[in-house]
>>> print(open('coords-v5.cif').read())   # mmCIF, C-alpha atoms
data_work
loop_
_atom_site.group_PDB
_atom_site.id
_atom_site.type_symbol
_atom_site.label_atom_id
_atom_site.label_comp_id
_atom_site.auth_asym_id
_atom_site.auth_seq_id
_atom_site.Cartn_x
_atom_site.Cartn_y
_atom_site.Cartn_z
ATOM 1 C CA MET A 230 -10.717 33.527 36.432
ATOM 2 C CA ILE A 231 -8.298 31.520 34.261
ATOM 3 C CA ASN A 232 -4.777 32.849 34.224
ATOM 4 C CA ARG A 233 -4.207 34.206 30.670
ATOM 5 C CA THR A 234 -0.491 33.418 30.693
ATOM 6 C CA CYS A 235 -1.104 29.773 31.534
ATOM 7 C CA PHE A 236 -3.873 29.565 28.890
ATOM 8 C CA SER A 237 -1.551 31.016 26.245
ATOM 9 C CA GLN A 238 1.227 28.590 27.086
ATOM 10 C CA VAL A 239 -1.130 25.614 26.824
ATOM 11 C CA GLY A 240 -2.317 26.890 23.442
ATOM 12 C CA VAL A 241 1.231 26.975 22.113
ATOM 13 C CA VAL A 242 1.823 23.415 23.247
ATOM 14 C CA LEU A 243 -1.397 22.204 21.621
ATOM 15 C CA LYS A 244 -0.450 23.844 18.347
ATOM 16 C CA ARG A 245 2.738 21.800 18.413
ATOM 17 C CA MET A 246 0.613 18.694 18.981
ATOM 18 C CA LEU A 247 2.588 17.635 22.032
ATOM 19 C CA PRO A 248 -0.103 17.167 24.684
ATOM 20 C CA VAL A 249 0.965 18.170 28.140
ATOM 21 C CA LEU A 250 -0.802 17.024 31.262
ATOM 22 C CA CYS A 251 -0.879 19.786 33.842
ATOM 23 C CA LEU A 252 -0.996 17.909 37.100
ATOM 24 C CA SER A 253 -1.138 20.971 39.332
ATOM 25 C CA LEU A 254 -4.575 22.553 38.878
ATOM 26 C CA ALA A 255 -3.867 25.238 41.443
ATOM 27 C CA ALA A 256 -0.816 26.408 39.502
ATOM 28 C CA CYS A 257 -2.750 26.443 36.202
ATOM 29 C CA ALA A 258 -5.555 28.490 37.785
ATOM 30 C CA GLY A 259 -3.175 31.069 39.158
ATOM 31 C CA GLY A 260 -3.223 29.920 42.813
ATOM 32 C CA GLN A 261 -0.363 28.721 44.923
ATOM 33 C CA PRO A 262 1.001 25.389 43.651
ATOM 34 C CA THR A 263 0.685 22.479 46.041
ATOM 35 C CA GLY A 264 3.532 20.531 44.408
ATOM 36 C CA ALA A 265 5.878 20.373 41.437
ATOM 37 C CA THR A 266 4.220 20.431 38.013
ATOM 38 C CA VAL A 267 4.999 17.296 36.002
ATOM 39 C CA GLU A 268 4.957 17.340 32.201
ATOM 40 C CA LEU A 269 4.348 14.108 30.310
ATOM 41 C CA ASN A 270 5.230 14.227 26.618
ATOM 42 C CA MET A 271 2.972 11.838 24.733
ATOM 43 C CA PRO A 272 3.896 10.421 21.273
ATOM 44 C CA ARG A 273 2.347 12.429 18.460
ATOM 45 C CA LYS A 274 0.057 10.401 16.218
ATOM 46 C CA VAL A 275 0.943 10.547 12.541
ATOM 47 C CA GLN A 276 -0.415 8.825 9.457
ATOM 48 C CA LEU A 277 1.385 5.544 8.839
ATOM 49 C CA LEU A 278 2.125 3.467 5.758
ATOM 50 C CA ALA A 279 2.687 -0.288 5.917
ATOM 51 C CA GLY A 280 4.883 -2.144 3.445
ATOM 52 C CA ASP A 281 7.563 -4.746 2.957
ATOM 53 C CA THR A 282 10.935 -4.562 4.645
ATOM 54 C CA LYS A 283 14.133 -5.551 2.855
ATOM 55 C CA ALA A 284 17.804 -5.590 3.770
ATOM 56 C CA LEU A 285 21.254 -5.291 2.254
ATOM 57 C CA ASN A 286 24.315 -6.599 4.039
ATOM 58 C CA TYR A 287 27.744 -5.086 3.367
ATOM 59 C CA SER A 288 29.196 -6.662 6.509
ATOM 60 C CA PRO A 289 31.111 -9.965 6.659
ATOM 61 C CA TRP A 290 28.620 -11.476 9.134
ATOM 62 C CA TYR A 291 25.411 -13.439 8.689
ATOM 63 C CA ILE A 292 22.326 -11.641 10.043
ATOM 64 C CA HIS A 293 19.540 -13.914 11.304
ATOM 65 C CA ALA A 294 16.846 -11.264 11.763
ATOM 66 C CA PHE A 295 16.318 -7.626 12.682
ATOM 67 C CA SER A 296 13.619 -5.426 14.140
ATOM 68 C CA ILE A 297 12.732 -1.734 13.885
ATOM 69 C CA VAL A 298 10.862 -0.212 16.839
ATOM 70 C CA GLY A 299 9.431 3.297 17.172
ATOM 71 C CA PRO A 300 8.349 5.206 20.274
ATOM 72 C CA ARG A 301 5.938 3.376 22.550
ATOM 73 C CA GLY A 302 2.346 3.889 21.466
ATOM 74 C CA SER A 303 3.259 5.278 18.029
ATOM 75 C CA GLY A 304 2.459 2.123 16.054
ATOM 76 C CA ILE A 305 5.762 2.528 14.204
ATOM 77 C CA GLY A 306 7.836 -0.602 13.750
ATOM 78 C CA GLY A 307 8.381 -3.903 12.025
ATOM 79 C CA GLY A 308 11.144 -6.298 11.109
ATOM 80 C CA GLY A 309 13.027 -7.861 8.284
ATOM 81 C CA PRO A 310 14.482 -11.051 6.844
ATOM 82 C CA ASN A 311 17.726 -12.892 7.365
ATOM 83 C CA VAL A 312 20.534 -11.875 5.045
ATOM 84 C CA MET A 313 23.823 -13.486 4.061
ATOM 85 C CA PRO A 314 27.230 -11.785 4.431
ATOM 86 C CA ILE A 315 28.697 -9.580 1.727
ATOM 87 C CA GLN A 316 29.539 -11.479 -1.454
ATOM 88 C CA PRO A 317 33.164 -12.249 -2.452
ATOM 89 C CA SER A 318 32.719 -9.809 -5.347
ATOM 90 C CA GLY A 319 32.076 -6.981 -2.911
ATOM 91 C CA LYS A 320 28.400 -6.739 -3.749
ATOM 92 C CA PRO A 321 25.961 -6.752 -0.828
ATOM 93 C CA SER A 322 23.772 -9.733 -0.099
ATOM 94 C CA GLY A 323 20.032 -9.355 0.245
ATOM 95 C CA GLY A 324 17.602 -7.183 -1.645
ATOM 96 C CA GLY A 325 15.326 -10.045 -2.616
ATOM 97 C CA ALA A 326 12.038 -10.982 -1.039
ATOM 98 C CA GLY A 327 10.778 -8.647 1.637
ATOM 99 C CA VAL A 328 8.996 -9.320 4.901
ATOM 100 C CA CYS A 329 5.590 -7.789 5.646
ATOM 101 C CA CYS A 330 4.989 -5.479 7.265
ATOM 102 C CA THR A 331 6.758 -2.428 8.670
ATOM 103 C CA SER A 332 4.759 0.690 9.535
ATOM 104 C CA LEU A 333 6.469 4.050 9.052
ATOM 105 C CA PRO A 334 5.152 7.629 8.793
ATOM 106 C CA ALA A 335 3.644 8.657 5.470
ATOM 107 C CA GLU A 336 5.611 11.892 5.753
ATOM 108 C CA TRP A 337 9.197 12.099 6.965
ATOM 109 C CA GLN A 338 9.456 13.054 10.630
ATOM 110 C CA PRO A 339 12.794 14.724 11.450
ATOM 111 C CA ASP A 340 12.393 14.180 15.192
ATOM 112 C CA LEU A 341 11.493 10.493 14.985
ATOM 113 C CA LYS A 342 13.979 8.172 16.728
ATOM 114 C CA LEU A 343 13.967 4.400 16.230
ATOM 115 C CA THR A 344 15.669 1.440 17.860
ATOM 116 C CA VAL A 345 17.087 -1.223 15.539
ATOM 117 C CA ARG A 346 18.136 -4.646 16.835
ATOM 118 C CA TRP A 347 19.741 -7.431 14.854
ATOM 119 C CA LEU A 348 21.115 -10.912 15.563
ATOM 120 C CA VAL A 349 24.550 -11.585 14.085
ATOM 121 C CA THR A 350 26.693 -14.697 13.885
ATOM 122 C CA LYS A 351 30.375 -13.819 14.269
ATOM 123 C CA LYS A 352 33.489 -15.954 14.341
ATOM 124 C CA ARG A 353 35.584 -15.689 17.488
ATOM 125 C CA PRO A 354 39.406 -15.745 17.493
ATOM 126 C CA ASP A 355 39.276 -19.457 18.424
ATOM 127 C CA GLY A 356 37.335 -20.164 15.241
ATOM 128 C CA LYS A 357 34.011 -20.907 16.934
ATOM 129 C CA LYS A 358 30.846 -19.191 15.745
ATOM 130 C CA TRP A 359 28.892 -17.150 18.259
ATOM 131 C CA GLY A 360 25.624 -15.278 18.085
ATOM 132 C CA TYR A 361 25.307 -11.700 19.333
ATOM 133 C CA TRP A 362 22.390 -9.311 19.609
ATOM 134 C CA TYR A 363 23.249 -5.761 18.585
ATOM 135 C CA LYS A 364 21.217 -2.586 18.923
ATOM 136 C CA ALA A 365 21.375 0.947 17.602
ATOM 137 C CA GLU A 366 19.317 3.568 19.422
ATOM 138 C CA ASN A 367 18.141 7.012 18.317
ATOM 139 C CA VAL A 368 18.222 5.913 14.681
ATOM 140 C CA GLN A 369 16.802 8.491 12.270
ATOM 141 C CA ILE A 370 15.234 7.484 8.984
ATOM 142 C CA ALA A 371 16.937 9.138 6.037
ATOM 143 C CA PRO A 372 14.746 11.950 4.604
ATOM 144 C CA TYR A 373 12.231 10.830 1.981
ATOM 145 C CA THR A 374 9.583 12.410 -0.224
ATOM 146 C CA SER A 375 5.991 11.394 0.511
ATOM 147 C CA GLY A 376 3.574 10.364 -2.209
ATOM 148 C CA ASN A 377 5.790 7.832 -3.976
ATOM 149 C CA THR A 378 7.237 5.746 -1.185
ATOM 150 C CA GLY A 379 8.057 2.074 -1.536
ATOM 151 C CA ASP A 380 9.793 -0.529 0.623
ATOM 152 C CA ALA A 381 11.573 0.076 3.898
ATOM 153 C CA TRP A 382 15.248 -0.915 3.888
ATOM 154 C CA ALA A 383 17.841 -1.668 6.536
ATOM 155 C CA ILE A 384 21.379 -1.317 5.182
ATOM 156 C CA PHE A 385 23.953 -3.126 7.337
ATOM 157 C CA LEU A 386 27.512 -1.854 7.061
ATOM 158 C CA PRO A 387 30.914 -2.963 8.392
ATOM 159 C CA GLY A 388 31.692 -1.947 11.941
ATOM 160 C CA ASP A 389 28.234 -2.919 13.268
ATOM 161 C CA ARG A 390 26.484 0.053 11.655
ATOM 162 C CA VAL A 391 23.029 0.363 10.118
ATOM 163 C CA ARG A 392 21.068 2.829 7.989
ATOM 164 C CA VAL A 393 17.265 2.822 7.707
ATOM 165 C CA MET A 394 15.617 4.311 4.647
ATOM 166 C CA LEU A 395 12.384 4.316 2.668
ATOM 167 C CA THR A 396 12.544 4.305 -1.117
ATOM 168 C CA ASP A 397 10.817 7.304 -2.663
ATOM 169 C CA GLY A 398 11.362 6.971 -6.398
ATOM 170 C CA ASN A 399 14.323 9.367 -6.429
ATOM 171 C CA ARG A 400 17.022 7.135 -7.861
ATOM 172 C CA ASP A 401 19.544 9.979 -7.794
ATOM 173 C CA GLY A 402 18.898 10.711 -4.132
ATOM 174 C CA GLY A 403 20.032 9.056 -0.937
ATOM 175 C CA ASN A 404 17.317 6.387 -0.885
ATOM 176 C CA ASN A 405 18.427 4.290 -3.832
ATOM 177 C CA PRO A 406 19.265 0.765 -2.598
ATOM 178 C CA ASN A 407 21.614 0.333 -5.562
ATOM 179 C CA ASN A 408 23.970 2.929 -4.068
ATOM 180 C CA ARG A 409 26.072 2.109 -1.040
ATOM 181 C CA PRO A 410 25.773 4.840 1.609
ATOM 182 C CA ALA A 411 28.851 6.993 2.055
ATOM 183 C CA ASP A 412 30.752 6.347 5.275
ATOM 184 C CA ASN A 413 30.076 9.927 6.405
ATOM 185 C CA ASP A 414 26.313 9.643 5.837
ATOM 186 C CA PRO A 415 24.716 11.338 8.878
ATOM 187 C CA TYR A 416 21.888 8.773 8.949
ATOM 188 C CA ILE A 417 24.194 5.822 9.592
ATOM 189 C CA ALA A 418 23.821 4.696 13.208
ATOM 190 C CA GLN A 419 26.425 2.880 15.273
ATOM 191 C CA GLY A 420 25.367 -0.400 16.849
ATOM 192 C CA VAL A 421 26.617 -1.829 20.128
ATOM 193 C CA ILE A 422 26.317 -5.175 21.898
ATOM 194 C CA ASP A 423 22.864 -5.456 23.451
ATOM 195 C CA ASP A 424 23.704 -6.946 26.863
ATOM 196 C CA GLU A 425 20.070 -7.118 27.946
ATOM 197 C CA TRP A 426 18.890 -9.091 24.934
ATOM 198 C CA ASN A 427 21.948 -11.347 25.001
ATOM 199 C CA ARG A 428 20.972 -12.308 28.561
ATOM 200 C CA ARG A 429 17.260 -12.547 27.846
ATOM 201 C CA TYR A 430 17.453 -14.305 24.483
ATOM 202 C CA LEU A 431 20.681 -16.301 24.552
ATOM 203 C CA PRO A 432 21.792 -16.788 20.922
ATOM 204 C CA ALA A 433 22.939 -20.147 19.618
ATOM 205 C CA HIS A 434 26.658 -20.831 19.451
ATOM 206 C CA ASP A 435 29.183 -23.620 18.829
#
>>> encode(input="coords-v5.cif", output="structure tokens")
Amino acid sequence: MINRTCFSQVGVVLKRMLPVLCLSLAACAGGQPTGATVELNMPRKVQLLAGDTKALNYSPWYIHAFSIVGPRGSGIGGGGPNVMPIQPSGKPSGGGAGVCCTSLPAEWQPDLKLTVRWLVTKKRPDGKKWGYWYKAENVQIAPYTSGNTGDAWAIFLPGDRVRVMLTDGNRDGGNNPNNRPADNDPYIAQGVIDDEWNRRYLPAHD
């Protein structure tokens, strides 16, 4: 006879669409477990939209390229174009032609975490230019309204920070690329030097 408590627990998990693999059949059937039960959380499949990716750069550094990567197996991800440093007038560079294609959920997912990497050319104290890979982990996309979504945007800010958003037609909301994000915006992620990628993909330098 199947243990009703175990069956109920599995039902709750399935309703949340987070499949769990019960590796101890004896424990699930109500017998004595032969070992520790291991739970494997698999990425939840969601409907995706594919579109262009654009960038704005408020930082003083040239950005060669960037990538956006979702959880493994989710199909979420893409990349974007190079973008010049902030203009002398204080206006951001970028915002022109986009790069195809980045796939993101059709509906905003509050639990979705992304990894953003970008290659930057910075000037060292000795005046020489040096390339550095940066990464920001656990990046959340700013909330957006489904049904009228447009391009994906990466907004690069001073201090090696980035914000990822998807335009949704709400020009008074937080996804208007004409508005610079506030410094206290909770969807701005802090980037750090990516030691692994700097070893694996040595950037060019003087």
>>> residues_near_point(input="coords-v5.cif", point="(6.5, 6.7, -1.6)", cutoff="9 Å", atoms="all atoms listed in the file", output="list in words")
Ala335, Tyr373, Thr374, Ser375, Gly376, Asn377, Thr378, Gly379, Asp380, Leu395, Thr396, Asp397 and Gly398 of chain A
>>> write_last_selection(input="coords-v5.cif", atoms="C-alpha atoms", output="mmCIF file, in the frame of the given file")
data_model
loop_
_atom_site.group_PDB
_atom_site.id
_atom_site.type_symbol
_atom_site.label_atom_id
_atom_site.label_comp_id
_atom_site.auth_asym_id
_atom_site.auth_seq_id
_atom_site.Cartn_x
_atom_site.Cartn_y
_atom_site.Cartn_z
ATOM 1 C CA ALA A 335 3.644 8.657 5.470
ATOM 2 C CA TYR A 373 12.231 10.830 1.981
ATOM 3 C CA THR A 374 9.583 12.410 -0.224
ATOM 4 C CA SER A 375 5.991 11.394 0.511
ATOM 5 C CA GLY A 376 3.574 10.364 -2.209
ATOM 6 C CA ASN A 377 5.790 7.832 -3.976
ATOM 7 C CA THR A 378 7.237 5.746 -1.185
ATOM 8 C CA GLY A 379 8.057 2.074 -1.536
ATOM 9 C CA ASP A 380 9.793 -0.529 0.623
ATOM 10 C CA LEU A 395 12.384 4.316 2.668
ATOM 11 C CA THR A 396 12.544 4.305 -1.117
ATOM 12 C CA ASP A 397 10.817 7.304 -2.663
ATOM 13 C CA GLY A 398 11.362 6.971 -6.398
#
>>> resolve_selection(input="coords-v5.cif", expression="the PyMOL selection byres ((chain A and resi 330) around 8)", output="list in words")
Ala279, Gly280, Asp281, Thr282, Gly307, Gly308, Val328, Cys329, Thr331 and Ser332 of chain A
>>> axis_aligned_box(input="coords-v5.cif", around="range 306-322 of chain A", padding_each_side="4 Å", output="AutoDock Vina command-line options")
--center_x 20.5 --center_y -7.0 --center_z 4.2 --size_x 33.3 --size_y 20.9 --size_z 27.1
>>> atom_distance(input="coords-v5.cif", atom1="CA of Lys364 in chain A", atom2="CA of Asn408 in chain A")
23.8 Å
>>> closest_residue(input="coords-v5.cif", among="A:Pro410, A:Gly360, A:Gly403, A:Gly309", to="Pro387 in chain A", atoms="only C-alpha atoms")
A:Pro410
>>> atom_distance(input="coords-v5.cif", atom1="CA of Ser296 in chain A", atom2="CA of Trp347 in chain A")
6.5 Å
>>> resolve_selection(input="coords-v5.cif", expression="the PyMOL selection byres ((chain A and resi 417-431) around 6)", output="PyMOL selection string")
chain A and resi 362-365+368+389-392+414-416+432
>>> closest_residue(input="coords-v5.cif", among="A:Leu341, A:Val393, A:Ala383, A:Leu348", to="Gly299 in chain A", atoms="only C-alpha atoms")
A:Leu341
>>> atom_distance(input="coords-v5.cif", atom1="CA of Arg409 in chain A", atom2="CA of Pro354 in chain A")
29.0 Å
>>> resolve_selection(input="coords-v5.cif", expression="the PyMOL selection byres ((chain A and resi 304) around 9)", output="list in words")
Lys274, Leu277, Val298, Gly299, Pro300, Arg301, Gly302, Ser303, Ile305, Gly306, Ser332 and Leu333 of chain A
>>> closest_residue(input="coords-v5.cif", among="A:Gly327, A:Pro339, A:Pro289, A:Gly356", to="Asn311 in chain A", atoms="only C-alpha atoms")
A:Gly327
>>> closest_residue(input="coords-v5.cif", among="A:Gly324, A:Pro406, A:Pro314, A:Gly388", to="Tyr287 in chain A", atoms="all atoms listed in the file")
A:Pro314
